[in-house]
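Colleague: Handing you this structure, nothing more for now.
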Amino acid sequence: MAKPAGFGAKIANREKTGRTCPVCGQPISYVKHYESVKGSAGSNKFKQKVVGICGCNKKDYFE
């Protein structure tokens, strides 16, 4: 069985296409973003997703 591709391989494949933002014209780079979510019993959980970052939304994720 083939081993599933890791995070680095997925990101390298996405950045190889050279996509740019249609609004600001900067290249899009992908990073993992962890968001804190409140649990039912007052506990914290973390939601992980891969986000495309460009000049438009850079301030939303890197403050």
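Following the order of the structure tokens, first chain is A, next is B, and so on, with residues numbered from 1 inside each chain and ligands from 1 in the order they appear.
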Tell me, which residues of chain A carry DSSP strand (DSSP E or B), written as a ChimeraX atom specification?

Modeller: /A:20,27,29-38,44-53

Colleague: Limited to C-alpha atoms, could you put the picked residues into a file as a PDB file, in the first residue's frame?

Modeller:
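Final output, out_17.pdb:
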ATOM      1  CA  THR A  20      -1.798  34.252  -7.474  1.00  0.00           C
ATOM      2  CA  PRO A  27       1.394  34.614  -4.809  1.00  0.00           C
ATOM      3  CA  SER A  29       1.253  30.464   0.146  1.00  0.00           C
ATOM      4  CA  TYR A  30      -0.386  27.767   2.244  1.00  0.00           C
ATOM      5  CA  VAL A  31       0.019  27.310   6.014  1.00  0.00           C
ATOM      6  CA  LYS A  32      -1.649  25.218   8.713  1.00  0.00           C
ATOM      7  CA  HIS A  33      -3.957  27.235  10.945  1.00  0.00           C
ATOM      8  CA  TYR A  34      -5.120  26.006  14.357  1.00  0.00           C
ATOM      9  CA  GLU A  35      -8.302  27.592  15.700  1.00  0.00           C
ATOM     10  CA  SER A  36      -9.423  27.288  19.313  1.00  0.00           C
ATOM     11  CA  VAL A  37     -13.011  26.038  19.675  1.00  0.00           C
ATOM     12  CA  LYS A  38     -14.959  25.812  22.937  1.00  0.00           C
ATOM     13  CA  ASN A  44     -10.933  23.851  24.529  1.00  0.00           C
ATOM     14  CA  LYS A  45     -10.446  21.914  21.317  1.00  0.00           C
ATOM     15  CA  PHE A  46      -8.337  22.818  18.317  1.00  0.00           C
ATOM     16  CA  LYS A  47      -9.591  22.784  14.741  1.00  0.00           C
ATOM     17  CA  GLN A  48      -6.887  22.407  12.094  1.00  0.00           C
ATOM     18  CA  LYS A  49      -7.175  23.554   8.484  1.00  0.00           C
ATOM     19  CA  VAL A  50      -4.878  24.534   5.623  1.00  0.00           C
ATOM     20  CA  VAL A  51      -5.323  28.189   4.669  1.00  0.00           C
ATOM     21  CA  GLY A  52      -4.094  30.098   1.626  1.00  0.00           C
ATOM     22  CA  ILE A  53      -2.363  33.334   2.663  1.00  0.00           C
TER      23      ILE A  53
END

Colleague: Could you pull the residues within 10 Å of Gly25 of chain A, counting only C-alpha atoms, minus those fewer than 6 positions along the same chain, as an NGL selection string?

Modeller: :A and (19 or 54-56)

Colleague: Could the residues in this selection be saved with N, CA and C atoms as a PDB file, in the first residue's frame?

Modeller:
ATOM      1  N   ARG A  19      -0.190  29.779  -8.101  1.00  0.00           N
ATOM      2  CA  ARG A  19      -1.429  30.537  -8.095  1.00  0.00           C
ATOM      3  C   ARG A  19      -1.216  31.907  -7.463  1.00  0.00           C
ATOM      4  N   CYS A  54      -2.334  35.395   1.394  1.00  0.00           N
ATOM      5  CA  CYS A  54      -1.816  36.375   0.439  1.00  0.00           C
ATOM      6  C   CYS A  54      -1.826  37.733   1.130  1.00  0.00           C
ATOM      7  N   GLY A  55      -1.626  38.793   0.404  1.00  0.00           N
ATOM      8  CA  GLY A  55      -1.598  40.127   0.986  1.00  0.00           C
ATOM      9  C   GLY A  55      -2.944  40.572   1.531  1.00  0.00           C
ATOM     10  N   CYS A  56      -4.021  40.033   0.997  1.00  0.00           N
ATOM     11  CA  CYS A  56      -5.370  40.447   1.415  1.00  0.00           C
ATOM     12  C   CYS A  56      -5.718  39.982   2.833  1.00  0.00           C
TER      13      CYS A  56
END

Colleague: Residues of chain A classed as alpha helix (DSSP H) by DSSP on the backbone are to be reported as a PyMOL selection string.

Modeller: chain A and resi 7-16+58-61
